[in-house]
$ cat target.txt   # compact mmCIF, C-alpha atoms
# COMPACT_ATOMS: atom_id res chain seq x y z
CA MET A 1 112.01 98.25 51.06
CA LEU A 2 111.80 100.31 47.86
CA GLN A 3 114.64 98.20 46.44
CA ASN A 4 111.99 95.49 45.94
CA ALA A 5 110.76 96.11 42.37
CA ASP A 6 107.30 94.61 42.96
CA PHE A 7 106.73 96.63 46.11
CA ARG A 8 108.03 99.77 44.41
CA LEU A 9 105.52 99.39 41.60
CA ILE A 10 102.54 98.79 43.89
CA TRP A 11 103.75 101.80 45.89
CA TYR A 12 103.66 103.96 42.73
CA VAL A 13 100.18 102.63 41.94
CA GLY A 14 98.95 103.55 45.42
CA THR A 15 100.45 107.04 45.16
CA MET A 16 98.89 107.83 41.79
CA GLY A 17 95.57 106.29 42.76
CA GLU A 18 95.30 108.41 45.90
CA PHE A 19 96.46 111.50 44.00
CA GLY A 20 93.64 111.07 41.48
CA ARG A 21 91.05 110.27 44.14
CA ARG A 22 91.91 113.28 46.32
CA MET A 23 92.13 115.69 43.42
CA GLU A 24 88.77 114.48 42.11
CA LEU A 25 87.12 114.86 45.53
CA LEU A 26 88.35 118.46 45.81
CA VAL A 27 87.29 119.36 42.27
CA LEU A 28 83.82 117.85 42.69
CA SER A 29 83.36 119.23 46.21
CA TRP A 30 84.17 122.73 44.96
CA LEU A 31 81.79 122.18 42.07
CA ILE A 32 78.98 121.24 44.48
CA LEU A 33 79.67 124.32 46.62
CA GLN A 34 79.46 126.51 43.52
CA LEU A 35 76.30 124.80 42.24
CA THR A 36 74.32 124.52 45.50
CA ASP A 37 76.01 126.64 48.22
CA SER A 38 74.82 123.92 50.62
CA TYR A 39 76.83 122.32 53.44
CA PHE A 40 74.43 119.39 53.44
CA GLN A 41 74.98 118.64 49.75
CA LEU A 42 78.73 119.13 50.23
CA GLY A 43 78.51 116.37 52.83
CA LEU A 44 76.61 114.17 50.38
CA VAL A 45 79.69 114.07 48.13
CA LEU A 46 81.58 112.03 50.74
CA ALA A 47 78.43 110.11 51.69
CA PHE A 48 77.95 108.85 48.13
CA ASN A 49 81.68 108.22 47.84
CA ASN A 50 81.44 105.71 50.70
CA LEU A 51 77.92 104.39 50.10
CA SER A 52 79.02 101.31 48.16
CA ARG A 53 81.51 100.11 50.77
CA PRO A 54 79.16 98.47 53.27
CA MET A 55 77.19 96.90 50.42
CA ILE A 56 80.03 95.17 48.56
CA SER A 57 83.18 95.16 50.69
CA LEU A 58 82.55 91.70 52.14
CA TYR A 59 82.44 90.38 48.60
CA THR A 60 85.52 92.30 47.46
CA GLY A 61 87.40 90.77 50.39
CA TYR A 62 86.27 87.33 49.25
CA ILE A 63 87.42 88.21 45.72
CA ALA A 64 90.82 89.25 47.08
CA ASP A 65 91.21 85.81 48.67
CA ARG A 66 90.04 83.85 45.63
CA PHE A 67 91.15 85.66 42.44
CA PRO A 68 94.42 87.15 41.13
CA ARG A 69 94.81 90.45 42.93
CA GLY A 70 96.49 92.22 40.03
CA ARG A 71 93.50 91.54 37.78
CA VAL A 72 91.13 92.93 40.43
CA LEU A 73 93.16 96.15 40.58
CA ILE A 74 93.04 96.54 36.79
CA ILE A 75 89.25 96.14 36.68
CA GLY A 76 88.79 98.75 39.42
CA GLN A 77 91.04 101.27 37.69
CA ALA A 78 89.35 100.71 34.34
CA LEU A 79 86.07 101.79 35.98
CA ASN A 80 87.80 104.98 37.16
CA VAL A 81 88.95 105.76 33.63
CA LEU A 82 85.48 105.20 32.18
CA THR A 83 83.76 107.37 34.80
CA THR A 84 86.21 110.25 34.47
CA ALA A 85 86.05 110.19 30.68
CA THR A 86 82.23 110.30 30.75
CA LEU A 87 82.03 113.24 33.15
CA LEU A 88 84.74 115.10 31.22
CA ALA A 89 82.69 114.67 28.03
CA VAL A 90 79.64 116.24 29.71
CA ILE A 91 81.67 119.14 31.14
CA ALA A 92 83.46 119.82 27.86
CA TYR A 93 80.24 119.64 25.81
CA ASP A 94 78.20 122.05 27.93
CA PHE A 95 79.13 122.96 31.52
CA GLU A 96 75.56 124.19 32.11
CA LEU A 97 74.33 120.59 31.80
CA ILE A 98 76.13 119.55 35.00
CA GLU A 99 73.81 118.88 37.93
CA ALA A 100 74.43 117.70 41.48
CA TRP A 101 73.35 114.13 40.73
CA HIS A 102 76.09 113.82 38.09
CA VAL A 103 78.64 114.56 40.81
CA PHE A 104 77.05 112.13 43.26
CA LEU A 105 77.06 109.37 40.64
CA ALA A 106 80.72 110.00 39.78
CA VAL A 107 81.89 109.87 43.40
CA PHE A 108 79.76 106.76 44.00
CA VAL A 109 81.63 104.94 41.23
CA GLN A 110 84.94 106.27 42.57
CA GLY A 111 84.08 104.83 45.98
CA LEU A 112 83.01 101.56 44.37
CA THR A 113 86.39 101.15 42.66
CA LYS A 114 88.24 101.93 45.91
CA ALA A 115 86.15 99.29 47.71
CA ILE A 116 87.08 96.82 44.97
CA GLU A 117 90.78 97.68 45.01
CA ASP A 118 91.63 98.15 48.70
CA PRO A 119 91.46 94.55 50.02
CA SER A 120 93.42 93.25 47.02
CA ARG A 121 96.07 95.97 47.15
CA ARG A 122 96.68 95.77 50.92
CA THR A 123 96.85 91.98 51.00
CA ALA A 124 99.10 92.05 47.92
CA ILE A 125 101.55 94.17 49.92
CA PHE A 126 101.63 91.45 52.58
CA ASP A 127 102.21 88.82 49.89
CA ILE A 128 105.11 90.80 48.43
CA VAL A 129 106.99 91.75 51.64
CA GLY A 130 105.96 89.12 54.24
CA GLN A 131 105.22 89.49 57.95
CA ARG A 132 108.63 90.69 59.12
CA ARG A 133 108.54 93.87 57.06
CA LEU A 134 104.78 94.42 57.07
CA VAL A 135 104.67 97.48 59.38
CA ASN A 136 107.50 99.13 57.43
CA ALA A 137 105.76 98.38 54.13
CA LEU A 138 102.41 99.67 55.37
CA SER A 139 104.13 102.80 56.71
CA LEU A 140 105.55 103.38 53.25
CA ASP A 141 102.08 102.73 51.86
CA VAL A 142 100.73 105.41 54.19
CA ILE A 143 103.49 107.70 52.90
CA SER A 144 102.37 107.06 49.31
CA HIS A 145 98.76 107.61 50.40
CA ASN A 146 99.73 110.95 51.87
CA ILE A 147 101.85 112.06 48.96
CA GLY A 148 98.68 111.63 46.91
CA LYS A 149 96.55 113.18 49.62
CA MET A 150 98.79 116.25 49.72
CA SER A 151 99.54 116.74 46.07
CA GLY A 152 96.07 115.91 44.70
CA PRO A 153 94.17 118.79 46.34
CA ILE A 154 97.07 121.21 45.78
CA VAL A 155 97.26 120.47 42.05
CA GLY A 156 93.46 120.44 41.83
CA GLY A 157 93.21 123.85 43.52
CA VAL A 158 95.91 125.35 41.31
CA ILE A 159 94.33 124.08 38.07
CA LEU A 160 90.83 125.15 39.15
CA GLY A 161 92.08 128.60 40.11
CA ALA A 162 94.16 129.10 36.97
CA ALA A 163 92.04 127.37 34.34
CA GLY A 164 88.73 125.72 35.27
CA PHE A 165 86.78 122.50 35.68
CA THR A 166 87.32 121.22 32.13
CA GLU A 167 91.09 121.47 32.36
CA ALA A 168 91.12 119.94 35.84
CA TYR A 169 89.10 116.95 34.69
CA ALA A 170 91.20 116.49 31.55
CA PHE A 171 94.27 116.29 33.77
CA LEU A 172 92.48 113.74 35.97
CA LEU A 173 91.78 111.53 32.99
CA VAL A 174 95.49 111.50 32.14
CA VAL A 175 96.28 110.47 35.72
CA HIS A 176 93.78 107.58 35.69
CA VAL A 177 94.94 106.29 32.30
CA SER A 178 98.57 106.41 33.45
CA ASN A 179 97.75 104.47 36.61
CA LEU A 180 95.89 101.84 34.61
CA ALA A 181 99.00 101.39 32.46
CA LEU A 182 101.12 100.94 35.60
CA MET A 183 98.73 98.34 36.99
CA THR A 184 99.15 96.13 33.93
CA LYS A 185 102.83 95.72 34.86
CA LEU A 186 102.24 94.59 38.47
CA GLN A 187 103.64 91.16 39.39
CA ILE A 188 101.89 89.94 42.55
CA PRO A 189 102.61 86.51 44.08
CA ASP A 190 99.74 84.22 43.14
CA TYR A 191 97.71 83.27 46.22
CA ARG A 192 94.18 81.98 45.79
CA GLY A 193 93.37 80.59 49.21
CA PRO A 194 92.98 76.92 50.12
CA ALA A 195 92.52 74.29 47.44
CA GLN A 196 88.92 73.62 48.48
CA ILE A 197 86.86 76.69 47.50
CA GLU A 198 83.94 77.39 49.81
CA PRO A 199 80.67 78.89 48.60
CA VAL A 200 80.78 82.68 49.01
CA VAL A 201 78.09 82.94 51.72
CA ARG A 202 79.67 80.22 53.86
CA SER A 203 83.11 81.76 53.35
CA LEU A 204 81.86 85.15 54.54
CA LYS A 205 80.24 83.55 57.58
CA VAL A 206 83.58 81.98 58.45
CA ALA A 207 85.32 85.36 58.26
CA VAL A 208 82.64 87.14 60.33
CA GLY A 209 82.71 84.30 62.86
CA TYR A 210 86.48 84.54 63.21
CA ALA A 211 86.32 88.32 63.71
CA TRP A 212 83.53 87.97 66.30
CA ARG A 213 85.74 85.62 68.35
CA SER A 214 88.70 88.02 68.29
CA PRO A 215 88.62 90.81 70.94
CA VAL A 216 91.42 92.57 69.05
CA LEU A 217 89.45 92.70 65.79
CA ILE A 218 86.20 93.65 67.53
CA GLY A 219 87.95 96.58 69.23
CA LEU A 220 89.62 97.67 66.00
CA PHE A 221 86.40 97.50 63.97
CA TYR A 222 84.49 99.42 66.65
CA ILE A 223 87.05 102.24 66.73
CA THR A 224 87.11 102.29 62.92
CA ILE A 225 83.34 102.89 62.82
CA VAL A 226 83.59 105.63 65.46
CA MET A 227 86.41 107.43 63.65
CA ASN A 228 84.81 107.23 60.23
CA ALA A 229 81.47 108.45 61.57
CA LEU A 230 82.66 111.26 63.84
CA ALA A 231 86.22 112.27 62.88
CA PHE A 232 87.18 111.74 59.25
CA PRO A 233 84.06 113.35 57.65
CA VAL A 234 85.60 116.64 58.80
CA GLN A 235 87.89 116.50 55.76
CA GLN A 236 84.92 116.92 53.46
CA PHE A 237 83.99 120.28 55.03
CA ILE A 238 87.42 121.90 54.83
CA PRO A 239 86.56 123.61 51.49
CA ALA A 240 83.59 125.27 53.23
CA ILE A 241 85.75 126.27 56.23
CA GLY A 242 88.33 127.79 53.90
CA ARG A 243 85.80 129.64 51.77
CA ASP A 244 83.30 130.80 54.40
CA HIS A 245 85.24 130.96 57.70
CA LEU A 246 88.76 131.86 56.57
CA GLY A 247 87.76 133.72 53.41
CA VAL A 248 90.29 132.18 50.97
CA GLY A 249 89.96 131.06 47.36
CA VAL A 250 90.17 127.61 45.81
CA THR A 251 93.97 127.54 45.50
CA LEU A 252 94.51 128.07 49.24
CA VAL A 253 91.57 125.77 49.96
CA GLY A 254 93.40 123.02 48.08
CA LEU A 255 96.50 123.60 50.22
CA LEU A 256 94.39 123.50 53.40
CA VAL A 257 92.79 120.21 52.36
CA ALA A 258 96.33 118.82 51.94
CA ALA A 259 97.50 119.98 55.40
CA ASP A 260 96.85 116.78 57.33
CA GLY A 261 98.63 114.87 54.57
CA PHE A 262 101.85 116.69 55.47
CA GLY A 263 101.47 115.49 59.06
CA GLN A 264 100.64 111.95 58.02
CA LEU A 265 103.71 111.89 55.80
CA ALA A 266 105.95 112.86 58.73
CA GLY A 267 104.34 110.33 61.08
CA ALA A 268 104.47 107.51 58.55
CA GLY A 269 108.14 108.26 57.86
CA ILE A 270 108.91 107.72 61.54
CA MET A 271 107.05 104.41 61.62
CA ALA A 272 108.64 103.25 58.38
CA ILE A 273 112.02 103.09 60.14
CA THR A 274 110.65 101.67 63.41
CA ARG A 275 111.90 98.21 64.35
CA ASP A 276 110.31 95.52 66.55
CA LEU A 277 107.12 97.41 67.34
CA ARG A 278 104.98 95.27 69.66
CA TYR A 279 102.08 97.46 70.81
CA HIS A 280 100.46 98.11 67.44
CA GLY A 281 97.03 98.63 69.01
CA ARG A 282 98.33 101.26 71.40
CA VAL A 283 99.61 103.37 68.50
CA PHE A 284 96.25 102.88 66.76
CA VAL A 285 94.25 104.12 69.78
CA LEU A 286 96.58 107.04 70.56
CA GLY A 287 96.39 108.13 66.93
CA SER A 288 92.59 108.03 67.05
CA THR A 289 92.57 110.16 70.21
CA GLY A 290 94.88 112.75 68.68
CA VAL A 291 92.73 113.12 65.56
CA LEU A 292 89.61 113.73 67.67
CA LEU A 293 91.32 116.28 69.92
CA MET A 294 92.59 118.28 66.94
CA GLY A 295 89.11 118.09 65.40
CA MET A 296 87.65 119.85 68.42
CA ILE A 297 90.19 122.67 68.21
CA PHE A 298 91.10 123.56 64.62
CA VAL A 299 87.66 124.74 63.48
CA TRP A 300 87.75 127.69 65.92
CA SER A 301 91.04 129.06 64.60
CA PRO A 302 90.56 132.53 63.02
CA TRP A 303 93.87 132.39 61.12
CA TYR A 304 94.75 130.37 58.05
CA ALA A 305 98.31 129.56 59.21
CA LEU A 306 97.15 128.28 62.61
CA THR A 307 94.41 126.18 61.01
CA PHE A 308 96.96 124.68 58.65
CA GLY A 309 99.28 123.86 61.57
CA LEU A 310 96.55 122.20 63.64
CA LEU A 311 95.47 120.07 60.67
CA THR A 312 99.10 119.05 60.20
CA PHE A 313 99.26 117.83 63.82
CA SER A 314 96.01 115.95 63.21
CA GLY A 315 97.72 114.24 60.27
CA ILE A 316 100.60 113.06 62.46
CA ALA A 317 98.08 111.37 64.73
CA GLN A 318 96.18 109.94 61.78
CA SER A 319 99.33 108.27 60.46
CA GLY A 320 99.35 106.06 63.56
CA PHE A 321 95.70 105.19 63.02
CA SER A 322 96.09 104.46 59.30
CA THR A 323 99.24 102.34 59.50
CA MET A 324 98.16 100.25 62.46
CA GLN A 325 94.60 99.77 61.22
CA SER A 326 95.82 97.57 58.38
CA ALA A 327 98.72 96.06 60.32
CA VAL A 328 96.54 94.92 63.23
CA THR A 329 93.89 93.54 60.88
CA MET A 330 96.35 91.38 58.97
CA LEU A 331 98.52 90.34 61.92
CA ALA A 332 95.42 89.19 63.83
CA THR A 333 94.12 87.16 60.86
CA PRO A 334 95.21 83.86 59.24
CA HIS A 335 96.64 84.08 55.73
CA ASP A 336 93.63 82.64 53.92
CA MET A 337 91.25 85.16 55.56
CA ARG A 338 93.21 88.38 55.15
CA GLY A 339 91.39 89.55 52.03
CA ARG A 340 88.00 88.92 53.63
CA MET A 341 89.07 90.60 56.87
CA MET A 342 90.24 93.66 54.93
CA GLY A 343 86.81 93.54 53.30
CA LEU A 344 85.18 93.57 56.76
CA LEU A 345 87.36 96.54 57.66
CA SER A 346 86.16 98.32 54.53
CA VAL A 347 82.55 97.56 55.56
CA CYS A 348 83.18 99.30 58.89
CA ILE A 349 84.67 102.32 57.11
CA GLY A 350 81.75 102.48 54.72
CA ALA A 351 79.14 101.98 57.45
CA GLY A 352 80.42 104.89 59.51
CA THR A 353 81.25 107.51 56.89
CA PRO A 354 77.92 108.06 55.06
CA LEU A 355 75.93 108.35 58.30
CA GLY A 356 78.51 110.60 59.93
CA VAL A 357 78.95 112.98 57.02
CA VAL A 358 75.19 113.35 56.44
CA GLU A 359 74.62 114.06 60.13
CA MET A 360 77.53 116.53 60.23
CA GLY A 361 76.25 118.32 57.12
CA ALA A 362 72.75 118.58 58.56
CA VAL A 363 74.01 120.03 61.86
CA ALA A 364 76.30 122.43 59.99
CA SER A 365 73.37 123.68 57.92
CA ALA A 366 71.15 124.07 60.99
CA VAL A 367 73.66 125.56 63.47
CA SER A 368 77.23 126.17 62.27
CA ILE A 369 80.03 124.16 60.75
CA GLN A 370 82.26 124.81 63.79
CA TRP A 371 79.77 123.38 66.29
CA ALA A 372 78.96 120.44 64.04
CA ILE A 373 82.61 119.37 63.85
CA SER A 374 83.46 120.05 67.52
CA LEU A 375 80.45 118.19 68.92
CA ASN A 376 81.11 115.17 66.71
CA ALA A 377 84.76 115.04 67.78
CA PHE A 378 83.78 115.25 71.45
CA ALA A 379 81.28 112.43 70.99
CA GLY A 380 84.01 110.37 69.35
CA LEU A 381 86.30 110.80 72.37
CA ILE A 382 83.54 109.61 74.70
CA LEU A 383 82.84 106.58 72.51
CA LEU A 384 86.53 105.57 72.50
CA LEU A 385 86.49 104.96 76.24
CA PRO A 386 84.79 101.50 76.16
CA ALA A 387 87.31 100.21 73.60
CA ILE A 388 90.24 101.53 75.64
CA ALA A 389 88.90 99.90 78.80
CA ILE A 390 87.75 96.55 77.40
CA SER A 391 89.73 95.76 74.25
CA PRO A 392 93.25 94.26 74.49
CA LEU A 393 94.39 96.70 71.79
CA VAL A 394 96.03 99.07 74.28
CA TRP A 395 97.15 96.68 76.97
CA LYS A 396 98.59 93.63 75.17
CA PRO A 397 101.27 93.26 72.48
CA LEU A 398 100.15 91.82 69.17
CA SER A 399 101.70 88.82 67.45
CA GLN A 400 100.75 87.21 64.16
CA ALA A 401 97.67 85.00 64.10
CA GLU A 402 98.05 81.23 64.12
CA SER A 403 99.98 79.66 61.28
CA ASP A 404 98.29 78.80 58.04
CA ALA A 405 98.38 75.15 59.03
CA ASP A 406 96.40 75.94 62.17
CA SER A 407 94.07 78.35 60.40
CA ASP A 408 92.40 75.47 58.56
CA ALA A 409 91.24 74.11 61.90
CA VAL A 410 89.93 77.52 62.91
CA SER A 411 88.01 77.78 59.65
CA GLN A 412 86.52 74.32 60.12
CA ALA A 413 85.43 75.15 63.66
CA ALA A 414 83.83 78.41 62.52
CA ARG A 415 82.03 76.60 59.70
CA GLY A 416 80.71 74.04 62.12
CA GLU A 417 79.09 76.74 64.25
CA ALA A 418 77.93 78.91 61.35

$ encode --input "target.txt" --output "structure tokens"
Amino acid sequence: MLQNADFRLIWYVGTMGEFGRRMELLVLSWLILQLTDSYFQLGLVLAFNNLSRPMISLYTGYIADRFPRGRVLIIGQALNVLTTATLLAVIAYDFELIEAWHVFLAVFVQGLTKAIEDPSRRTAIFDIVGQRRLVNALSLDVISHNIGKMSGPIVGGVILGAAGFTEAYAFLLVVHVSNLALMTKLQIPDYRGPAQIEPVVRSLKVAVGYAWRSPVLIGLFYITIVMNALAFPVQQFIPAIGRDHLGVGVTLVGLLVAADGFGQLAGAGIMAITRDLRYHGRVFVLGSTGVLLMGMIFVWSPWYALTFGLLTFSGIAQSGFSTMQSAVTMLATPHDMRGRMMGLLSVCIGAGTPLGVVEMGAVASAVSIQWAISLNAFAGLILLLPAIAISPLVWKPLSQAESDADSDAVSQAARGEA
């Protein structure tokens, strides 16, 4: 797969983008802890990071189906460069000027650029490799995601511990500028949807209507909301667990934040060499269950090494969730709707995360961070049961959606009822 030059380049772009994003989240989360000493405001970092998703992701999916995907990626990364350079200028001029709202604004823009980039980048992978090698390509994409997820917090923790916020943010700016340069070299097959361009509102109604008629997509979107509301916000509170429960400094906190990335890397490596996988939804649901079970357990560990190990096992489970989330979405969707369906998926991610992380931060501030995480994970397991029982995700193999020739008829039918 990596012999394909176009895929290799988009793989590098994904790795560097996730590295910068994860390092920036750690640096800014640690900054908020130092400024406010508040679990609730720590949670707001991730809440603001995902706030833009439900507001714009439908439109970014439409953009991915209608405009050159490489150009969309360049615009998103240019916003990252501008935001990082601005915050670095404030930090370098006078660190005492930094306030919590500066951090919230920076992570909001970071989330905005990710919402812009994700539908275009994921559908571009499909365009480059085709259906037959999609799961392998997405597994490699998860590997790149997790290389960034592992190395970003580790490097961020080391630079923060050895130097400080100014040096960490200067390094981040170099990363973002380098990734922007890489993006200018991407060659993505030009696909702009059908010749007849629909108005944006009607086009979005078609996509929503198609998803509503698909039990597979309904089940996947439901589980995505549950996981992003009750499971994945846990990652945002790991710096507080490391500092306050395990009593370690920022360097070891960075390593702990990277722990589930090690597990995801191992799990994605296994799936990258898997052939003829049929039950994509089953892997997706089992991965979700594993993440929730580990979430209930790891927060009670009194030892750093055990906590690290449990988070690594959680990452193995999450690799199944992450790979199959995109694979199921695209395999269950006609070609000319894939960008919009990835946009709908991003809406579900964005809708769940801000509410979940704010609720988890509030409970952590009122009771304890351990009970907040455990109770949310238990609630997530209960809420998975309807999807397991009703959705065909677990019980039926998944094949690609109808051909592009047939998808025009589906779109016309959906438009007629919209």

$ closest_residue --input "target.txt" --among "A:Ile128, A:Leu87, A:Ile369, A:Val107" --to "Trp300 in chain A" --atoms "only C-alpha atoms"
A:Ile369

$ closest_residue --input "target.txt" --among "A:Leu42, A:Leu105, A:Val248, A:Leu344" --to "Ile218 in chain A" --atoms "only C-alpha atoms"
A:Leu344

$ atom_distance --input "target.txt" --atom1 "CA of Val206 in chain A" --atom2 "CA of Ile125 in chain A"
23.3 Å

$ residues_around --input "target.txt" --residues "Arg121 in chain A" --least-positions-apart "5" --cutoff "8 Å" --atoms "all atoms listed in the file" --output "ChimeraX atom specification"
/A:10,69,73

$ write_last_selection --input "target.txt" --atoms "C-alpha atoms" --output "PDB file, keeping the file's coordinate frame"
ATOM      1  CA  ILE A  10     102.540  98.790  43.890  1.00  0.00           C
ATOM      2  CA  ARG A  69      94.810  90.450  42.930  1.00  0.00           C
ATOM      3  CA  LEU A  73      93.160  96.150  40.580  1.00  0.00           C
TER       4      LEU A  73
END

$ closest_residue --input "target.txt" --among "A:Phe19, A:Phe48, A:Phe321, A:Phe298" --to "Gly350 in chain A" --atoms "all atoms listed in the file"
A:Phe48

$ axis_aligned_box --input "target.txt" --around "range 378-381 of chain A" --padding-each-side "4 Å" --output "AutoDock Vina command-line options"
--center_x 83.8 --center_y 112.8 --center_z 70.9 --size_x 13.0 --size_y 12.9 --size_z 11.0

$ residues_near_point --input "target.txt" --point "(94.7, 89.8, 55.2)" --cutoff "10 Å" --atoms "only C-alpha atoms" --output "list of chain:residue names"
A:Gly61, A:Ala64, A:Asp65, A:Pro119, A:Ser120, A:Arg122, A:Thr123, A:Ala124, A:Ile125, A:Phe126, A:Asp127, A:Ser326, A:Ala327, A:Val328, A:Thr329, A:Met330, A:Leu331, A:Ala332, A:Thr333, A:Pro334, A:His335, A:Asp336, A:Met337, A:Arg338, A:Gly339, A:Arg340, A:Met341, A:Met342, A:Gly343

$ residues_around --input "target.txt" --residues "Val174 in chain A" --least-positions-apart "3" --cutoff "10 Å" --atoms "all atoms listed in the file" --output "PDB file with C-alpha atoms, in the coordinates of the input"
ATOM      1  CA  GLY A  20      93.640 111.070  41.480  1.00  0.00           C
ATOM      2  CA  VAL A  81      88.950 105.760  33.630  1.00  0.00           C
ATOM      3  CA  THR A  84      86.210 110.250  34.470  1.00  0.00           C
ATOM      4  CA  ALA A  85      86.050 110.190  30.680  1.00  0.00           C
ATOM      5  CA  TYR A 169      89.100 116.950  34.690  1.00  0.00           C
ATOM      6  CA  ALA A 170      91.200 116.490  31.550  1.00  0.00           C
ATOM      7  CA  PHE A 171      94.270 116.290  33.770  1.00  0.00           C
ATOM      8  CA  VAL A 177      94.940 106.290  32.300  1.00  0.00           C
ATOM      9  CA  SER A 178      98.570 106.410  33.450  1.00  0.00           C
ATOM     10  CA  ASN A 179      97.750 104.470  36.610  1.00  0.00           C
ATOM     11  CA  LEU A 180      95.890 101.840  34.610  1.00  0.00           C
TER      12      LEU A 180
END

$ residues_around --input "target.txt" --residues "Val283 in chain A" --least-positions-apart "3" --cutoff "8 Å" --atoms "all atoms listed in the file" --output "mmCIF file with C-alpha atoms, in the frame of the given file"
data_model
loop_
_atom_site.group_PDB
_atom_site.id
_atom_site.type_symbol
_atom_site.label_atom_id
_atom_site.label_comp_id
_atom_site.auth_asym_id
_atom_site.auth_seq_id
_atom_site.Cartn_x
_atom_site.Cartn_y
_atom_site.Cartn_z
ATOM 1 C CA TYR A 279 102.080 97.460 70.810
ATOM 2 C CA HIS A 280 100.460 98.110 67.440
ATOM 3 C CA LEU A 286 96.580 107.040 70.560
ATOM 4 C CA GLY A 287 96.390 108.130 66.930
ATOM 5 C CA GLY A 320 99.350 106.060 63.560
ATOM 6 C CA PHE A 321 95.700 105.190 63.020
ATOM 7 C CA MET A 324 98.160 100.250 62.460
#

$ closest_residue --input "target.txt" --among "A:Ala317, A:Leu217, A:Ile241, A:Val363" --to "Asp260 in chain A" --atoms "only C-alpha atoms"
A:Ala317

$ atom_distance --input "target.txt" --atom1 "CA of Val158 in chain A" --atom2 "CA of Arg21 in chain A"
16.1 Å

$ closest_residue --input "target.txt" --among "A:Ser365, A:Thr353, A:Thr83, A:Gln77" --to "Asn49 in chain A" --atoms "only C-alpha atoms"
A:Thr353

$ closest_residue --input "target.txt" --among "A:Ile32, A:Val358, A:Ile98, A:Ala115" --to "Leu230 in chain A" --atoms "all atoms listed in the file"
A:Val358
